[in-house]
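Peer 1: Encoded as structure tokens, here's the structure I'll be asking about.
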Amino acid sequence: MSNIKLAAKIEKDSIIMRDVYCAEMINMAQADERVYAMDADLINSIGMKPFQKKFPERMVNVGIQEANMVGVAAGLSATGLIPFLHTFGVFASRRVFDQAFLSVGFSKWNVKLIGSDPGITAAYNGGTHMPFEDIGIMRDIPEITILEPTDCVMLEDLINQVKDIYGFHYIRLVRKASQKVYEAGSEFEIGKAATVREG
């Protein structure tokens with residue numbers, strides 16, 4: 001892991017993760033017409049309005065229908081597209097487990113599921129929005145890859161790798177500011193980073 005460079009000082013990042021996620025989604029969509037974004041009525045929460053404005057035909061808001069969103073994503077993958085779908089982590093795990101297991105995992109489709117606000121990071125949304133067990137739940141799906149980027153530098157690098165690696169990925173994502181741990185120019189390899197767990 002010699003390419004990884006720790007930041008000279010660990011401090012609060014000057015940018016927030018959802019802005020990096022949206023920017024990288026736009027970059028990937030510009031380079032690859034197969035990239036689609038999906039959301040369960042949380043486009044504002046994850047900061048995807050700029051993506052929606054630039055690619056309205058590739059931003060699918062299914063409404064508050066998380067389980068249906070996973071099924072639609074499986075269908076998009078079946079046609080050769082690469083769907084990145086987002087909802088809060090508590091809904092991305094508990095609420096959609098059956099669809100995630102059967103429609104994506106069992107069927108071996110290429111779907112990237114973003115679960116934001118993991119653990120206590122939901123803060124003001126309260127206990128109903130705090131998934132502590134999402135990793136345990138999602139690890140029950142064979143061949144899933146689970147990622148939790150440490151900071152914006154890692155997110156930018158890993159999200160691009162995920163696009164090009166076929167399979168089901170669950171990405172836990174803090175929407176707002178994180179601690180800056182790595183410097184720009186760091187490289188992370190999926191399968192070797194300590195933040196990666198495969199089930």
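Residues in the structure tokens are numbered from 1 in each chain, the chains being A, B, ... in the order shown, and ligands are numbered from 1 in the order shown.
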Within 7 Å of Asp117 (chain A), counting only C-alpha atoms, which residues qualify if same-chain residues fewer than 5 places away don't, as a VMD selection string?
Peer 2: chain A and resid 88 to 89 122 173 to 175
Peer 1: Using only C-alpha atoms, what does the table of region 70-146 of chain A residues within 12 Å of region 8-31 of chain A look like, with each row giving the shortest atom pair and its distance in Å to one decimal, sorted by chain and ascending number, as a tab-separated table?
Peer 2:
residue	atom	partner	partner_atom	distance
A:Leu81	CA	A:Ala29	CA	11.1
A:Ile82	CA	A:Ala29	CA	9.9
A:Pro83	CA	A:Ala29	CA	10.7
A:Phe84	CA	A:Met25	CA	8.7
A:Leu85	CA	A:Met25	CA	11.2
A:His86	CA	A:Tyr21	CA	10.9
A:Lys112	CA	A:Met25	CA	11.9
A:Ile114	CA	A:Tyr21	CA	10.1
A:Gly115	CA	A:Arg18	CA	11.8
A:Ser116	CA	A:Arg18	CA	9.2
A:Asp117	CA	A:Arg18	CA	10.8
Peer 1: Restricting the output to N, CA, C and O atoms, write the selected residues as a CSV table (one decimal), in the first residue's frame.
Peer 2:
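Below you can see selection-v1.csv, which holds the result:
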chain,number,residue,atom,x,y,z
A,81,LEU,N,-26.6,-1.6,-18.1
A,81,LEU,CA,-26.3,-0.4,-17.5
A,81,LEU,C,-25.7,-0.6,-16.1
A,81,LEU,O,-25.7,-1.7,-15.6
A,82,ILE,N,-25.1,0.5,-15.5
A,82,ILE,CA,-24.4,0.5,-14.2
A,82,ILE,C,-25.2,1.4,-13.3
A,82,ILE,O,-24.9,2.6,-13.3
A,83,PRO,N,-26.2,0.9,-12.5
A,83,PRO,CA,-26.9,1.8,-11.6
A,83,PRO,C,-26.2,2.0,-10.3
A,83,PRO,O,-25.8,1.0,-9.7
A,84,PHE,N,-26.1,3.2,-9.9
A,84,PHE,CA,-25.7,3.6,-8.5
A,84,PHE,C,-27.0,4.1,-7.8
A,84,PHE,O,-27.6,5.1,-8.3
A,85,LEU,N,-27.4,3.4,-6.8
A,85,LEU,CA,-28.7,3.8,-6.1
A,85,LEU,C,-28.4,4.2,-4.7
A,85,LEU,O,-27.5,3.6,-4.0
A,86,HIS,N,-29.2,5.2,-4.2
A,86,HIS,CA,-28.9,5.7,-2.9
A,86,HIS,C,-30.2,5.8,-2.1
A,86,HIS,O,-31.3,6.1,-2.6
A,112,LYS,N,-24.6,-0.9,-7.6
A,112,LYS,CA,-23.9,-0.2,-6.6
A,112,LYS,C,-24.8,0.5,-5.6
A,112,LYS,O,-25.5,1.5,-6.0
A,114,ILE,N,-25.7,2.7,-2.4
A,114,ILE,CA,-25.1,3.7,-1.5
A,114,ILE,C,-26.0,3.8,-0.3
A,114,ILE,O,-27.2,4.2,-0.4
A,115,GLY,N,-25.5,3.5,0.9
A,115,GLY,CA,-26.3,3.7,2.1
A,115,GLY,C,-25.7,4.8,2.9
A,115,GLY,O,-24.7,4.7,3.5
A,116,SER,N,-26.4,6.0,2.9
A,116,SER,CA,-25.8,7.1,3.6
A,116,SER,C,-26.2,7.2,5.1
A,116,SER,O,-27.2,6.5,5.5
A,117,ASP,N,-25.5,8.0,5.8
A,117,ASP,CA,-25.8,8.2,7.2
A,117,ASP,C,-25.7,6.9,8.1
A,117,ASP,O,-26.7,6.6,8.8
Peer 1: Name the residues of region 106-167 of chain A that come out as alpha helix (DSSP H) in a backbone DSSP run; write them as a ChimeraX atom specification.
Peer 2: /A:134-138,152-164
Peer 1: With C-alpha atoms retained, could you export that selection as a PDB file, in the first residue's frame?
Peer 2:
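Result went into again_2.pdb, see below:
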ATOM      1  CA  ASP A 134     -26.325  -2.797   8.256  1.00  0.00           C
ATOM      2  CA  ILE A 135     -22.880  -4.352   7.718  1.00  0.00           C
ATOM      3  CA  GLY A 136     -23.974  -7.504   9.534  1.00  0.00           C
ATOM      4  CA  ILE A 137     -27.128  -7.704   7.414  1.00  0.00           C
ATOM      5  CA  MET A 138     -25.435  -7.040   4.084  1.00  0.00           C
ATOM      6  CA  CYS A 152     -13.243  12.465   0.435  1.00  0.00           C
ATOM      7  CA  VAL A 153      -9.905  11.453  -1.089  1.00  0.00           C
ATOM      8  CA  MET A 154     -10.687   7.777  -0.569  1.00  0.00           C
ATOM      9  CA  LEU A 155     -14.283   8.203  -1.784  1.00  0.00           C
ATOM     10  CA  GLU A 156     -13.166   9.835  -5.036  1.00  0.00           C
ATOM     11  CA  ASP A 157     -10.728   7.002  -5.727  1.00  0.00           C
ATOM     12  CA  LEU A 158     -12.931   4.075  -4.686  1.00  0.00           C
ATOM     13  CA  ILE A 159     -16.135   5.201  -6.407  1.00  0.00           C
ATOM     14  CA  ASN A 160     -14.335   5.154  -9.751  1.00  0.00           C
ATOM     15  CA  GLN A 161     -12.951   1.674  -9.098  1.00  0.00           C
ATOM     16  CA  VAL A 162     -16.397   0.408  -8.134  1.00  0.00           C
ATOM     17  CA  LYS A 163     -17.786   1.522 -11.495  1.00  0.00           C
ATOM     18  CA  ASP A 164     -15.346  -0.729 -13.315  1.00  0.00           C
TER      19      ASP A 164
END
Peer 1: If we count only C-alpha atoms and set the cut-off at 9 Å, which residues sit around region 52-55 of chain A, ignoring sequence neighbours fewer than 2 positions away in its own chain? Please answer as a PyMOL selection string.
Peer 2: chain A and resi 26+29+36-37+43+48-50+57-60
Peer 1: What is the distance, in Å and to one decimal place, between CA of Asp151 (chain A) and CA of Gly167 (chain A)?
Peer 2: 23.2 Å
Peer 1: Going by DSSP on the backbone, which residues of region 55-198 of chain A come out as strand (DSSP E)? List them as an MDAnalysis selection string.
Peer 2: chainID A and resid 59:61 82:88 112:116 145:147 169:173 177:182 196:198
Peer 1: Can you spit out the residues from that selection as a short mmCIF file (atom, residue, chain, number, x, y, z; two decimals), in the first residue's frame, using N, CA, C and O atoms?
Peer 2:
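The resulting selection_10.cif:
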data_model
loop_
_atom_site.label_atom_id
_atom_site.label_comp_id
_atom_site.auth_asym_id
_atom_site.auth_seq_id
_atom_site.Cartn_x
_atom_site.Cartn_y
_atom_site.Cartn_z
N MET A 59 -31.16 10.13 -14.22
CA MET A 59 -31.42 10.28 -12.79
C MET A 59 -32.83 9.78 -12.54
O MET A 59 -33.81 10.41 -12.95
N VAL A 60 -32.94 8.63 -11.89
CA VAL A 60 -34.24 8.01 -11.66
C VAL A 60 -34.61 8.14 -10.18
O VAL A 60 -33.94 7.57 -9.31
N ASN A 61 -35.66 8.92 -9.90
CA ASN A 61 -36.16 9.05 -8.54
C ASN A 61 -37.42 8.19 -8.44
O ASN A 61 -38.45 8.53 -8.99
N ILE A 82 -25.10 0.52 -15.54
CA ILE A 82 -24.45 0.48 -14.23
C ILE A 82 -25.19 1.43 -13.30
O ILE A 82 -24.91 2.62 -13.25
N PRO A 83 -26.15 0.90 -12.53
CA PRO A 83 -26.91 1.77 -11.63
C PRO A 83 -26.22 1.97 -10.29
O PRO A 83 -25.76 1.02 -9.66
N PHE A 84 -26.15 3.22 -9.87
CA PHE A 84 -25.73 3.61 -8.52
C PHE A 84 -27.00 4.09 -7.83
O PHE A 84 -27.60 5.08 -8.26
N LEU A 85 -27.45 3.40 -6.79
CA LEU A 85 -28.68 3.79 -6.13
C LEU A 85 -28.42 4.19 -4.70
O LEU A 85 -27.55 3.63 -4.04
N HIS A 86 -29.19 5.16 -4.23
CA HIS A 86 -28.94 5.73 -2.90
C HIS A 86 -30.20 5.81 -2.07
O HIS A 86 -31.29 6.14 -2.56
N THR A 87 -30.06 5.52 -0.81
CA THR A 87 -31.02 5.85 0.22
C THR A 87 -30.28 5.85 1.55
O THR A 87 -29.09 5.51 1.60
N PHE A 88 -30.93 6.22 2.62
CA PHE A 88 -30.29 6.15 3.92
C PHE A 88 -29.93 4.70 4.24
O PHE A 88 -30.67 3.77 3.89
N LYS A 112 -24.62 -0.90 -7.59
CA LYS A 112 -23.85 -0.18 -6.57
C LYS A 112 -24.84 0.53 -5.64
O LYS A 112 -25.48 1.51 -6.04
N LEU A 113 -24.98 0.04 -4.43
CA LEU A 113 -25.97 0.55 -3.48
C LEU A 113 -25.28 1.44 -2.45
O LEU A 113 -24.40 0.99 -1.71
N ILE A 114 -25.66 2.71 -2.42
CA ILE A 114 -25.11 3.68 -1.48
C ILE A 114 -26.05 3.80 -0.29
O ILE A 114 -27.21 4.16 -0.45
N GLY A 115 -25.55 3.50 0.91
CA GLY A 115 -26.32 3.67 2.13
C GLY A 115 -25.71 4.80 2.94
O GLY A 115 -24.65 4.66 3.53
N SER A 116 -26.37 5.95 2.93
CA SER A 116 -25.79 7.11 3.61
C SER A 116 -26.24 7.19 5.06
O SER A 116 -27.19 6.54 5.48
N THR A 145 -19.50 -6.87 -1.95
CA THR A 145 -18.34 -6.14 -1.46
C THR A 145 -18.86 -4.92 -0.70
O THR A 145 -19.67 -4.16 -1.23
N ILE A 146 -18.40 -4.75 0.52
CA ILE A 146 -18.84 -3.65 1.37
C ILE A 146 -17.68 -2.68 1.56
O ILE A 146 -16.57 -3.08 1.91
N LEU A 147 -17.95 -1.40 1.32
CA LEU A 147 -16.93 -0.36 1.42
C LEU A 147 -17.42 0.78 2.31
O LEU A 147 -18.62 1.10 2.31
N HIS A 169 -22.05 -4.01 -4.89
CA HIS A 169 -21.28 -3.26 -3.90
C HIS A 169 -22.23 -2.50 -2.99
O HIS A 169 -23.18 -1.87 -3.46
N TYR A 170 -21.97 -2.56 -1.70
CA TYR A 170 -22.69 -1.73 -0.72
C TYR A 170 -21.68 -0.75 -0.16
O TYR A 170 -20.64 -1.14 0.39
N ILE A 171 -21.97 0.55 -0.31
CA ILE A 171 -21.05 1.60 0.10
C ILE A 171 -21.72 2.43 1.19
O ILE A 171 -22.74 3.08 0.97
N ARG A 172 -21.13 2.38 2.40
CA ARG A 172 -21.62 3.21 3.51
C ARG A 172 -20.99 4.59 3.35
O ARG A 172 -19.78 4.71 3.24
N LEU A 173 -21.82 5.61 3.36
CA LEU A 173 -21.30 6.94 3.03
C LEU A 173 -21.81 7.99 4.01
O LEU A 173 -23.02 8.16 4.18
N ALA A 177 -19.39 16.47 6.32
CA ALA A 177 -17.94 16.58 6.47
C ALA A 177 -17.37 15.39 7.22
O ALA A 177 -17.97 14.87 8.15
N SER A 178 -16.20 14.98 6.80
CA SER A 178 -15.48 13.90 7.47
C SER A 178 -14.11 14.43 7.90
O SER A 178 -13.74 15.55 7.56
N GLN A 179 -13.39 13.63 8.64
CA GLN A 179 -12.01 13.99 8.98
C GLN A 179 -11.13 13.70 7.77
O GLN A 179 -11.22 12.63 7.16
N LYS A 180 -10.30 14.63 7.40
CA LYS A 180 -9.36 14.43 6.30
C LYS A 180 -8.21 13.57 6.81
O LYS A 180 -7.45 13.98 7.68
N VAL A 181 -8.09 12.37 6.25
CA VAL A 181 -7.07 11.43 6.68
C VAL A 181 -5.98 11.26 5.62
O VAL A 181 -4.82 11.08 5.94
N TYR A 182 -6.37 11.35 4.35
CA TYR A 182 -5.43 11.11 3.25
C TYR A 182 -5.21 12.35 2.41
O TYR A 182 -6.06 13.24 2.36
N VAL A 196 -12.30 -2.38 3.50
CA VAL A 196 -13.09 -3.24 2.62
C VAL A 196 -13.38 -4.56 3.31
O VAL A 196 -12.51 -5.17 3.89
N ARG A 197 -14.64 -4.98 3.25
CA ARG A 197 -15.03 -6.29 3.77
C ARG A 197 -15.79 -7.01 2.68
O ARG A 197 -16.68 -6.45 2.06
N GLU A 198 -15.45 -8.23 2.40
CA GLU A 198 -16.20 -9.03 1.44
C GLU A 198 -16.93 -10.13 2.18
O GLU A 198 -16.40 -10.73 3.09
#
Peer 1: Please indicate the distance in Å from CA of Ile190 (chain A) to CA of Lys5 (chain A), rounded to one decimal place.
Peer 2: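 Between CA of Ile190 (chain A) and CA of Lys5 (chain A) the gap is 16.2 Å.
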